[in-house]
>>> print(open('protein.cif').read())   # mmCIF, C-alpha atoms
data_input
loop_
_atom_site.label_atom_id
_atom_site.label_comp_id
_atom_site.auth_asym_id
_atom_site.auth_seq_id
_atom_site.Cartn_x
_atom_site.Cartn_y
_atom_site.Cartn_z
CA MET A 1 40.35 -1.14 -15.74
CA PRO A 2 43.05 1.04 -17.29
CA ARG A 3 45.21 2.91 -14.86
CA PRO A 4 44.27 6.59 -14.74
CA LYS A 5 46.77 8.86 -16.46
CA THR A 6 48.92 10.50 -13.83
CA PHE A 7 49.68 13.66 -15.77
CA ASP A 8 47.69 16.59 -17.08
CA LEU A 9 47.10 16.10 -20.80
CA ASN A 10 46.01 19.71 -21.32
CA GLN A 11 49.14 21.06 -19.67
CA ALA A 12 51.32 18.71 -21.73
CA LEU A 13 49.63 19.88 -24.91
CA LEU A 14 50.11 23.52 -23.92
CA ASN A 15 53.82 22.90 -23.32
CA ALA A 16 54.10 21.13 -26.67
CA MET A 17 52.38 24.06 -28.38
CA ARG A 18 54.87 26.51 -26.90
CA LEU A 19 57.82 24.39 -28.00
CA PHE A 20 56.58 23.78 -31.57
CA TRP A 21 55.67 27.48 -31.87
CA ARG A 22 59.22 28.52 -31.04
CA LYS A 23 61.20 25.79 -32.82
CA GLY A 24 58.94 24.65 -35.65
CA TYR A 25 58.04 21.06 -36.48
CA ALA A 26 61.23 19.67 -38.00
CA ALA A 27 63.62 21.18 -35.46
CA THR A 28 61.69 19.78 -32.48
CA SER A 29 62.96 16.34 -31.48
CA ILE A 30 61.30 13.79 -29.26
CA GLU A 31 64.11 14.51 -26.77
CA ASP A 32 63.07 18.19 -26.77
CA LEU A 33 59.48 17.14 -26.10
CA VAL A 34 60.48 14.77 -23.28
CA GLU A 35 62.23 17.69 -21.61
CA ALA A 36 59.57 20.36 -22.25
CA LEU A 37 56.63 18.16 -21.28
CA ASN A 38 58.51 16.54 -18.39
CA LEU A 39 57.14 13.21 -19.56
CA SER A 40 58.72 9.96 -20.68
CA ARG A 41 58.87 9.08 -24.33
CA SER A 42 56.38 6.25 -23.76
CA SER A 43 53.92 8.55 -21.97
CA ILE A 44 54.07 10.98 -24.90
CA TYR A 45 53.55 8.23 -27.45
CA GLY A 46 50.80 6.71 -25.29
CA ALA A 47 48.89 9.97 -25.09
CA PHE A 48 49.55 11.46 -28.53
CA THR A 49 50.62 8.52 -30.78
CA ASP A 50 53.55 10.33 -32.43
CA LYS A 51 55.25 13.69 -32.93
CA ARG A 52 53.11 14.60 -35.90
CA ASN A 53 49.83 13.94 -34.10
CA LEU A 54 51.04 15.94 -31.12
CA PHE A 55 51.96 18.79 -33.47
CA LEU A 56 48.53 18.74 -35.13
CA ALA A 57 46.80 18.83 -31.72
CA ALA A 58 49.05 21.72 -30.62
CA LEU A 59 48.31 23.69 -33.80
CA GLN A 60 44.58 23.07 -33.39
CA LEU A 61 44.81 24.31 -29.78
CA TYR A 62 46.57 27.47 -31.01
CA SER A 63 43.99 27.98 -33.74
CA ASP A 64 41.08 27.67 -31.28
CA ALA A 65 42.75 30.10 -28.86
CA VAL A 66 43.47 32.77 -31.48
CA ILE A 67 39.99 32.55 -32.99
CA ALA A 68 38.41 32.83 -29.52
CA GLY A 69 40.68 35.79 -28.68
CA ILE A 70 39.76 37.70 -31.83
CA GLN A 71 36.07 36.96 -31.31
CA LYS A 72 36.32 38.30 -27.75
CA THR A 73 38.12 41.46 -28.92
CA LEU A 74 35.55 42.07 -31.65
CA ASN A 75 32.70 41.67 -29.14
CA GLU A 76 34.20 44.01 -26.56
CA THR A 77 33.19 47.24 -28.27
CA GLU A 78 29.83 48.65 -29.28
CA ALA A 79 31.05 50.18 -32.52
CA PRO A 80 32.00 47.40 -34.96
CA LEU A 81 34.99 49.16 -36.50
CA GLU A 82 36.42 49.90 -33.05
CA GLY A 83 36.64 46.15 -32.52
CA ILE A 84 38.73 45.83 -35.67
CA GLN A 85 40.91 48.73 -34.51
CA LYS A 86 41.45 46.88 -31.21
CA VAL A 87 42.57 43.72 -33.04
CA PHE A 88 45.20 45.81 -34.82
CA ASP A 89 46.19 47.67 -31.64
CA ASN A 90 46.84 44.31 -29.99
CA LEU A 91 49.11 43.34 -32.87
CA VAL A 92 51.04 46.62 -32.75
CA ALA A 93 51.51 46.11 -29.00
CA GLU A 94 53.56 42.98 -29.81
CA VAL A 95 56.37 45.00 -31.42
CA GLY A 96 59.57 44.35 -29.51
CA THR A 97 58.06 41.71 -27.20
CA ASP A 98 58.96 38.03 -26.80
CA LYS A 99 55.54 37.13 -28.19
CA GLY A 100 56.16 39.31 -31.24
CA ALA A 101 59.47 37.56 -31.83
CA LEU A 102 57.74 34.15 -31.78
CA GLY A 103 55.51 35.29 -34.60
CA CYS A 104 52.25 33.52 -35.28
CA PHE A 105 52.36 29.73 -34.84
CA MET A 106 49.92 29.42 -37.76
CA VAL A 107 51.99 31.61 -40.11
CA ASN A 108 55.12 29.72 -39.06
CA SER A 109 53.41 26.39 -39.76
CA VAL A 110 52.10 27.55 -43.14
CA ALA A 111 55.65 28.60 -44.01
CA GLU A 112 57.09 25.25 -42.96
CA LEU A 113 54.46 22.65 -43.85
CA VAL A 114 51.75 23.95 -46.23
CA PRO A 115 50.80 22.60 -48.74
CA TYR A 116 52.99 19.52 -48.19
CA ASP A 117 51.10 18.31 -45.10
CA ALA A 118 47.40 17.90 -45.92
CA ASP A 119 46.24 18.05 -42.29
CA VAL A 120 48.19 21.24 -41.55
CA THR A 121 46.79 22.71 -44.77
CA THR A 122 43.23 21.92 -43.62
CA ILE A 123 43.83 23.45 -40.17
CA ALA A 124 45.29 26.59 -41.77
CA GLN A 125 42.42 26.96 -44.23
CA THR A 126 39.81 26.48 -41.51
CA TYR A 127 41.63 29.12 -39.42
CA SER A 128 41.64 31.62 -42.31
CA GLU A 129 37.96 31.03 -43.02
CA ALA A 130 37.02 31.41 -39.35
CA ILE A 131 38.86 34.72 -38.92
CA GLU A 132 37.66 36.12 -42.24
CA GLY A 133 34.13 34.98 -41.35
CA MET A 134 34.22 36.89 -38.05
CA LEU A 135 35.52 39.97 -39.84
CA VAL A 136 32.75 39.72 -42.44
CA GLU A 137 30.13 39.75 -39.67
CA VAL A 138 31.66 42.82 -38.03
CA LEU A 139 32.04 44.60 -41.37
CA LYS A 140 28.40 43.91 -42.18
CA ARG A 141 27.40 45.49 -38.89
CA GLY A 142 29.61 48.48 -39.71
CA ALA A 143 28.03 48.74 -43.17
CA ALA A 144 24.53 48.66 -41.64
CA GLN A 145 25.53 51.64 -39.51
CA GLY A 146 26.89 53.47 -42.55
CA ASN A 147 30.47 53.49 -41.28
CA LEU A 148 32.00 51.47 -44.09
CA THR A 149 33.04 52.10 -47.66
CA THR A 150 30.41 50.84 -50.08
CA GLU A 151 32.98 50.32 -52.83
CA ARG A 152 33.96 46.82 -51.65
CA THR A 153 32.11 43.79 -50.37
CA PRO A 154 32.57 42.76 -46.73
CA GLU A 155 34.20 39.56 -48.04
CA ALA A 156 36.79 41.52 -50.04
CA LEU A 157 37.52 43.79 -47.08
CA ALA A 158 37.80 40.80 -44.75
CA ALA A 159 40.38 39.14 -47.03
CA TYR A 160 42.27 42.45 -47.12
CA LEU A 161 42.22 42.80 -43.31
CA PHE A 162 43.29 39.19 -42.81
CA ASN A 163 46.15 39.73 -45.26
CA THR A 164 47.29 42.79 -43.30
CA ILE A 165 47.20 40.77 -40.07
CA GLN A 166 49.29 37.93 -41.53
CA GLY A 167 51.77 40.41 -42.99
CA MET A 168 52.11 42.16 -39.64
CA ARG A 169 52.94 38.86 -37.93
CA VAL A 170 55.84 38.44 -40.38
CA LEU A 171 57.03 42.06 -40.10
CA ILE A 172 56.91 42.12 -36.29
CA LYS A 173 58.89 38.85 -36.13
CA ALA A 174 61.43 40.27 -38.58
CA GLY A 175 62.00 43.37 -36.42
CA ALA A 176 59.96 46.14 -38.06
CA THR A 177 59.56 49.27 -35.93
CA ARG A 178 56.55 50.47 -33.98
CA ASP A 179 56.29 53.47 -36.32
CA GLN A 180 56.07 51.14 -39.29
CA LEU A 181 53.44 48.95 -37.68
CA GLU A 182 51.37 51.96 -36.62
CA ALA A 183 51.48 53.31 -40.17
CA ILE A 184 50.36 49.94 -41.55
CA ARG A 185 47.49 49.82 -39.04
CA ASP A 186 46.39 53.40 -39.74
CA ILE A 187 46.44 53.11 -43.53
CA THR A 188 44.59 49.79 -43.37
CA LEU A 189 41.85 51.11 -41.08
CA HIS A 190 41.53 54.29 -43.11
CA SER A 191 40.87 52.27 -46.26
CA LEU A 192 37.74 50.77 -44.70
CA GLN A 193 36.03 54.15 -44.77
CA MET B 1 98.79 24.06 -56.38
CA PRO B 2 95.25 23.15 -55.35
CA ARG B 3 93.29 21.11 -57.82
CA PRO B 4 90.72 23.21 -59.67
CA LYS B 5 87.14 22.59 -58.49
CA THR B 6 85.47 20.32 -61.00
CA PHE B 7 81.92 21.48 -60.33
CA ASP B 8 79.94 24.66 -60.85
CA LEU B 9 79.65 26.46 -57.52
CA ASN B 10 76.88 28.73 -58.77
CA GLN B 11 74.77 25.82 -59.95
CA ALA B 12 75.32 24.00 -56.66
CA LEU B 13 74.22 27.07 -54.73
CA LEU B 14 71.12 27.44 -56.92
CA ASN B 15 70.21 23.80 -56.26
CA ALA B 16 70.74 24.31 -52.53
CA MET B 17 68.53 27.41 -52.61
CA ARG B 18 65.70 25.47 -54.26
CA LEU B 19 65.97 22.68 -51.70
CA PHE B 20 66.11 24.94 -48.61
CA TRP B 21 63.26 27.03 -50.02
CA ARG B 22 61.00 23.98 -50.24
CA LYS B 23 62.05 22.09 -47.12
CA GLY B 24 63.30 24.79 -44.74
CA TYR B 25 66.57 24.74 -42.84
CA ALA B 26 65.96 22.14 -40.13
CA ALA B 27 64.28 19.57 -42.36
CA THR B 28 67.10 19.61 -44.93
CA SER B 29 69.76 17.01 -44.16
CA ILE B 30 73.25 16.75 -45.52
CA GLU B 31 72.04 13.59 -47.30
CA ASP B 32 69.33 15.68 -49.02
CA LEU B 33 71.98 18.17 -50.11
CA VAL B 34 74.30 15.45 -51.40
CA GLU B 35 71.45 14.21 -53.58
CA ALA B 36 70.14 17.62 -54.74
CA LEU B 37 73.58 19.07 -55.47
CA ASN B 38 74.88 15.80 -56.93
CA LEU B 39 78.07 16.36 -54.92
CA SER B 40 79.87 14.42 -52.25
CA ARG B 41 79.63 15.43 -48.64
CA SER B 42 83.31 16.44 -48.67
CA SER B 43 82.86 18.60 -51.79
CA ILE B 44 79.95 20.40 -50.11
CA TYR B 45 81.91 20.96 -46.91
CA GLY B 46 84.98 21.99 -48.93
CA ALA B 47 83.06 24.61 -50.86
CA PHE B 48 80.59 25.87 -48.24
CA THR B 49 82.08 24.87 -44.84
CA ASP B 50 78.82 23.56 -43.35
CA LYS B 51 75.05 23.38 -43.79
CA ARG B 52 74.43 26.69 -42.05
CA ASN B 53 76.90 28.60 -44.23
CA LEU B 54 75.41 27.04 -47.34
CA PHE B 55 71.95 28.08 -46.15
CA LEU B 56 73.06 31.66 -45.53
CA ALA B 57 74.62 31.85 -49.01
CA ALA B 58 71.43 30.41 -50.54
CA LEU B 59 69.23 32.91 -48.70
CA GLN B 60 71.48 35.78 -49.78
CA LEU B 61 71.25 34.57 -53.39
CA TYR B 62 67.44 34.55 -53.09
CA SER B 63 67.44 38.01 -51.54
CA ASP B 64 69.59 39.44 -54.33
CA ALA B 65 67.40 37.85 -57.00
CA VAL B 66 64.10 39.11 -55.55
CA ILE B 67 65.43 42.63 -55.01
CA ALA B 68 66.76 42.72 -58.59
CA GLY B 69 63.45 41.39 -59.90
CA ILE B 70 61.38 44.03 -58.11
CA GLN B 71 63.76 46.78 -59.21
CA LYS B 72 63.41 45.60 -62.81
CA THR B 73 59.61 45.52 -62.58
CA LEU B 74 59.49 49.00 -61.05
CA ASN B 75 61.74 50.34 -63.82
CA GLU B 76 59.74 48.79 -66.66
CA THR B 77 56.94 51.36 -66.67
CA GLU B 78 56.93 55.11 -67.21
CA ALA B 79 54.24 55.82 -64.62
CA PRO B 80 55.61 55.06 -61.12
CA LEU B 81 52.40 53.65 -59.69
CA GLU B 82 52.02 51.29 -62.66
CA GLY B 83 55.29 49.70 -61.61
CA ILE B 84 53.84 49.03 -58.16
CA GLN B 85 50.70 47.63 -59.76
CA LYS B 86 52.89 45.28 -61.82
CA VAL B 87 54.66 44.02 -58.69
CA PHE B 88 51.26 43.11 -57.25
CA ASP B 89 50.03 41.61 -60.53
CA ASN B 90 53.07 39.33 -60.52
CA LEU B 91 52.17 38.17 -57.01
CA VAL B 92 48.53 37.52 -57.91
CA ALA B 93 49.73 35.49 -60.90
CA GLU B 94 51.33 33.03 -58.46
CA VAL B 95 47.94 31.88 -57.09
CA GLY B 96 47.59 28.16 -57.71
CA THR B 97 51.10 27.70 -59.11
CA ASP B 98 54.00 25.60 -57.80
CA LYS B 99 55.92 28.81 -57.08
CA GLY B 100 52.99 30.17 -55.08
CA ALA B 101 52.90 26.97 -53.02
CA LEU B 102 56.60 27.36 -52.19
CA GLY B 103 55.89 30.74 -50.71
CA CYS B 104 58.66 33.26 -50.24
CA PHE B 105 61.98 31.78 -49.12
CA MET B 106 62.57 34.92 -47.04
CA VAL B 107 59.18 34.77 -45.28
CA ASN B 108 59.70 31.04 -44.68
CA SER B 109 63.15 31.72 -43.20
CA VAL B 110 61.86 34.55 -40.99
CA ALA B 111 59.17 32.17 -39.73
CA GLU B 112 61.71 29.45 -38.99
CA LEU B 113 64.86 31.24 -37.85
CA VAL B 114 64.33 34.91 -36.96
CA PRO B 115 65.26 36.27 -34.44
CA TYR B 116 67.10 33.18 -33.16
CA ASP B 117 69.77 33.21 -35.90
CA ALA B 118 71.50 36.60 -35.97
CA ASP B 119 72.82 36.23 -39.52
CA VAL B 120 69.42 35.28 -40.94
CA THR B 121 67.93 38.22 -39.02
CA THR B 122 70.45 40.58 -40.64
CA ILE B 123 69.77 39.21 -44.13
CA ALA B 124 66.00 39.57 -43.57
CA GLN B 125 66.30 43.14 -42.28
CA THR B 126 68.55 44.17 -45.15
CA TYR B 127 66.03 42.63 -47.56
CA SER B 128 63.12 44.56 -45.98
CA GLU B 129 65.05 47.82 -46.07
CA ALA B 130 66.08 47.32 -49.71
CA ILE B 131 62.53 46.62 -50.91
CA GLU B 132 60.99 49.41 -48.84
CA GLY B 133 63.75 51.74 -50.07
CA MET B 134 62.93 50.99 -53.71
CA LEU B 135 59.23 51.54 -53.00
CA VAL B 136 59.99 54.88 -51.31
CA GLU B 137 61.82 56.05 -54.45
CA VAL B 138 58.92 55.08 -56.70
CA LEU B 139 56.37 56.64 -54.35
CA LYS B 140 58.35 59.89 -54.30
CA ARG B 141 58.28 59.96 -58.09
CA GLY B 142 54.51 59.34 -57.96
CA ALA B 143 54.10 62.15 -55.43
CA ALA B 144 56.09 64.53 -57.64
CA GLN B 145 53.62 63.78 -60.44
CA GLY B 146 50.65 64.39 -58.14
CA ASN B 147 49.40 60.80 -58.34
CA LEU B 148 49.75 59.95 -54.67
CA THR B 149 47.85 60.65 -51.47
CA THR B 150 49.48 63.46 -49.53
CA GLU B 151 48.10 62.17 -46.23
CA ARG B 152 50.98 59.73 -45.66
CA THR B 153 54.73 59.84 -46.07
CA PRO B 154 56.34 57.69 -48.75
CA GLU B 155 58.06 55.77 -45.92
CA ALA B 156 54.73 54.94 -44.26
CA LEU B 157 53.20 53.88 -47.58
CA ALA B 158 56.26 51.76 -48.41
CA ALA B 159 55.97 49.90 -45.09
CA TYR B 160 52.29 49.37 -45.81
CA LEU B 161 52.97 48.03 -49.32
CA PHE B 162 55.75 45.76 -48.07
CA ASN B 163 53.40 44.42 -45.40
CA THR B 164 50.77 43.66 -48.05
CA ILE B 165 53.37 41.81 -50.12
CA GLN B 166 54.54 39.67 -47.19
CA GLY B 167 50.94 38.91 -46.23
CA MET B 168 50.15 37.86 -49.80
CA ARG B 169 53.06 35.42 -49.80
CA VAL B 170 51.54 33.74 -46.75
CA LEU B 171 47.96 33.77 -48.09
CA ILE B 172 48.94 32.40 -51.51
CA LYS B 173 50.93 29.57 -49.87
CA ALA B 174 47.95 28.82 -47.62
CA GLY B 175 45.60 28.47 -50.59
CA ALA B 176 43.70 31.77 -50.76
CA THR B 177 41.70 32.28 -53.97
CA ARG B 178 42.49 34.50 -56.92
CA ASP B 179 39.41 36.60 -56.09
CA GLN B 180 40.75 37.22 -52.61
CA LEU B 181 44.21 38.15 -53.85
CA GLU B 182 42.79 40.48 -56.50
CA ALA B 183 40.66 42.20 -53.85
CA ILE B 184 43.72 42.63 -51.60
CA ARG B 185 45.70 44.09 -54.50
CA ASP B 186 42.93 46.45 -55.57
CA ILE B 187 42.17 47.79 -52.09
CA THR B 188 45.90 48.27 -51.40
CA LEU B 189 46.55 50.15 -54.64
CA HIS B 190 43.41 52.25 -54.17
CA SER B 191 44.64 53.41 -50.76
CA LEU B 192 47.71 55.01 -52.37
CA GLN B 193 45.52 57.59 -54.07
#
>>> encode(input="protein.cif", output="structure tokens")
Amino acid sequence: MPRPKTFDLNQALLNAMRLFWRKGYAATSIEDLVEALNLSRSSIYGAFTDKRNLFLAALQLYSDAVIAGIQKTLNETEAPLEGIQKVFDNLVAEVGTDKGALGCFMVNSVAELVPYDADVTTIAQTYSEAIEGMLVEVLKRGAAQGNLTTERTPEALAAYLFNTIQGMRVLIKAGATRDQLEAIRDITLHSLQ
Amino acid sequence: MPRPKTFDLNQALLNAMRLFWRKGYAATSIEDLVEALNLSRSSIYGAFTDKRNLFLAALQLYSDAVIAGIQKTLNETEAPLEGIQKVFDNLVAEVGTDKGALGCFMVNSVAELVPYDADVTTIAQTYSEAIEGMLVEVLKRGAAQGNLTTERTPEALAAYLFNTIQGMRVLIKAGATRDQLEAIRDITLHSLQ
């Protein structure tokens, strides 16, 4: 029988996610991972094969968490468009915080590795489709209640909202002000009506 | 007297910019630079001190070129808002191209190095302010001609437009479709009115 693993794989993956998120893929060395995960090199290789596989698992973990978080936010309100407002409020709240300075691990990974790494490209495309898909559902509910512009399809509006979100992750990381982010949020939400 | 440099510094910097743009800072080795610049290690160090200084000079070159390009595009048309439309048309035209896949060297650098590198942060903030400043000027001309919403300040609209641009650079790199980018452009331009 194989010896049971004596460390928490989920916690190790979470620590790896935090490190890759801050440093990026190329700048993160195996030595950095040994320190951040508090595991030996051989334990890391034994559990995750290599740095690239560990990175892909960390990015997938991030993707799942963000998608679940947005879904939860969108479900929290009765009025569909209020859910979208809340997603944007949460983004604006990141201005000037450590989390805001980290940016979005997915945007950072797209910037560094897409389209050169096919697996990262697939994870990023699946992420985009999932978020836009959730937005389409909410927008359709808003349209059914008559609270949405009829000039654009829900799919077009969802692409537009997703674009605003990705832009905001870049602007917040780069040090844009709260006033700027609030203006971007307000103009974006106004254009849904 | 020092021997005259026997290579073209501007061409070397341009080659370095192209390499850093594609690979990012951390993933670019001195060996990569020796090959891409067709220069010896000592020539590179002699001219640019170290990898980080060469990167900063390359990013500044990119910044200057993009700012000049947008200024030129905005100046090409009589009607102010047509100039903004042209800036967005140029972005949409990058869907599916090699340039689109590279993304924006500034967005990529923000994702990788801001706010951890103070000099990159300064270059990125100066870049944002320059582009938003040019947009403010154009928007003010549009407002004077009565072609602009009066519900928002030119500064708020400029932040919003800049956010859309940065988002589009991420979405194009990540493989969004032409239909999606056209929808984002159209909804954004419509919200100026």
>>> atom_distance(input="protein.cif", atom1="atom CA of B:Phe105", atom2="atom CA of B:Tyr62")
7.3 Å
>>> residues_around(input="protein.cif", residues="stretch 35-42 of chain B", least_positions_apart="5", cutoff="9 Å", atoms="only C-alpha atoms", output="PyMOL selection string")
chain B and resi 7+11-16+19+30+47
>>> resolve_selection(input="protein.cif", expression="the PyMOL selection byres ((chain B and resi 129) around 12)", output="ChimeraX atom specification")
/A:171,174-177,180 /B:63,67,122-128,130-136,155,158-159,162
>>> resolve_selection(input="protein.cif", expression="the PyMOL selection byres ((chain A and resi 110-112) around 9)", output="tab-separated table (two decimals) with C-alpha atoms, in the frame of the given file")
chain	number	residue	atom	x	y	z
A	24	GLY	CA	58.94	24.65	-35.65
A	25	TYR	CA	58.04	21.06	-36.48
A	26	ALA	CA	61.23	19.67	-38.00
A	105	PHE	CA	52.36	29.73	-34.84
A	106	MET	CA	49.92	29.42	-37.76
A	107	VAL	CA	51.99	31.61	-40.11
A	108	ASN	CA	55.12	29.72	-39.06
A	109	SER	CA	53.41	26.39	-39.76
A	113	LEU	CA	54.46	22.65	-43.85
A	114	VAL	CA	51.75	23.95	-46.23
A	115	PRO	CA	50.80	22.60	-48.74
A	116	TYR	CA	52.99	19.52	-48.19
A	120	VAL	CA	48.19	21.24	-41.55
A	121	THR	CA	46.79	22.71	-44.77
A	124	ALA	CA	45.29	26.59	-41.77
B	22	ARG	CA	61.00	23.98	-50.24
B	23	LYS	CA	62.05	22.09	-47.12
B	24	GLY	CA	63.30	24.79	-44.74
B	102	LEU	CA	56.60	27.36	-52.19
B	103	GLY	CA	55.89	30.74	-50.71
B	104	CYS	CA	58.66	33.26	-50.24
B	105	PHE	CA	61.98	31.78	-49.12
B	107	VAL	CA	59.18	34.77	-45.28
B	108	ASN	CA	59.70	31.04	-44.68
B	109	SER	CA	63.15	31.72	-43.20
B	111	ALA	CA	59.17	32.17	-39.73
B	112	GLU	CA	61.71	29.45	-38.99
B	170	VAL	CA	51.54	33.74	-46.75
B	171	LEU	CA	47.96	33.77	-48.09
B	173	LYS	CA	50.93	29.57	-49.87
B	174	ALA	CA	47.95	28.82	-47.62
>>> resolve_selection(input="protein.cif", expression="the PyMOL selection byres ((chain B and resi 54) around 10)", output="mmCIF file with C-alpha atoms, in the frame of the given file")
data_model
loop_
_atom_site.group_PDB
_atom_site.id
_atom_site.type_symbol
_atom_site.label_atom_id
_atom_site.label_comp_id
_atom_site.auth_asym_id
_atom_site.auth_seq_id
_atom_site.Cartn_x
_atom_site.Cartn_y
_atom_site.Cartn_z
ATOM 1 C CA ALA B 12 75.320 24.000 -56.660
ATOM 2 C CA LEU B 13 74.220 27.070 -54.730
ATOM 3 C CA ALA B 16 70.740 24.310 -52.530
ATOM 4 C CA MET B 17 68.530 27.410 -52.610
ATOM 5 C CA PHE B 20 66.110 24.940 -48.610
ATOM 6 C CA LEU B 33 71.980 18.170 -50.110
ATOM 7 C CA ILE B 44 79.950 20.400 -50.110
ATOM 8 C CA TYR B 45 81.910 20.960 -46.910
ATOM 9 C CA ALA B 47 83.060 24.610 -50.860
ATOM 10 C CA PHE B 48 80.590 25.870 -48.240
ATOM 11 C CA THR B 49 82.080 24.870 -44.840
ATOM 12 C CA ASP B 50 78.820 23.560 -43.350
ATOM 13 C CA LYS B 51 75.050 23.380 -43.790
ATOM 14 C CA ARG B 52 74.430 26.690 -42.050
ATOM 15 C CA ASN B 53 76.900 28.600 -44.230
ATOM 16 C CA PHE B 55 71.950 28.080 -46.150
ATOM 17 C CA LEU B 56 73.060 31.660 -45.530
ATOM 18 C CA ALA B 57 74.620 31.850 -49.010
ATOM 19 C CA ALA B 58 71.430 30.410 -50.540
ATOM 20 C CA LEU B 59 69.230 32.910 -48.700
ATOM 21 C CA GLN B 60 71.480 35.780 -49.780
#
>>> closest_residue(input="protein.cif", among="A:Asp98, A:Glu82, A:Asp117, A:Asp32", to="A:Leu189", atoms="all atoms listed in the file")
A:Glu82
>>> closest_residue(input="protein.cif", among="A:Leu74, A:Val95, A:Ala68, A:Leu192", to="A:Asn147", atoms="only C-alpha atoms")
A:Leu192
>>> atom_distance(input="protein.cif", atom1="atom CA of A:Pro154", atom2="atom CA of A:Ile84")
13.0 Å
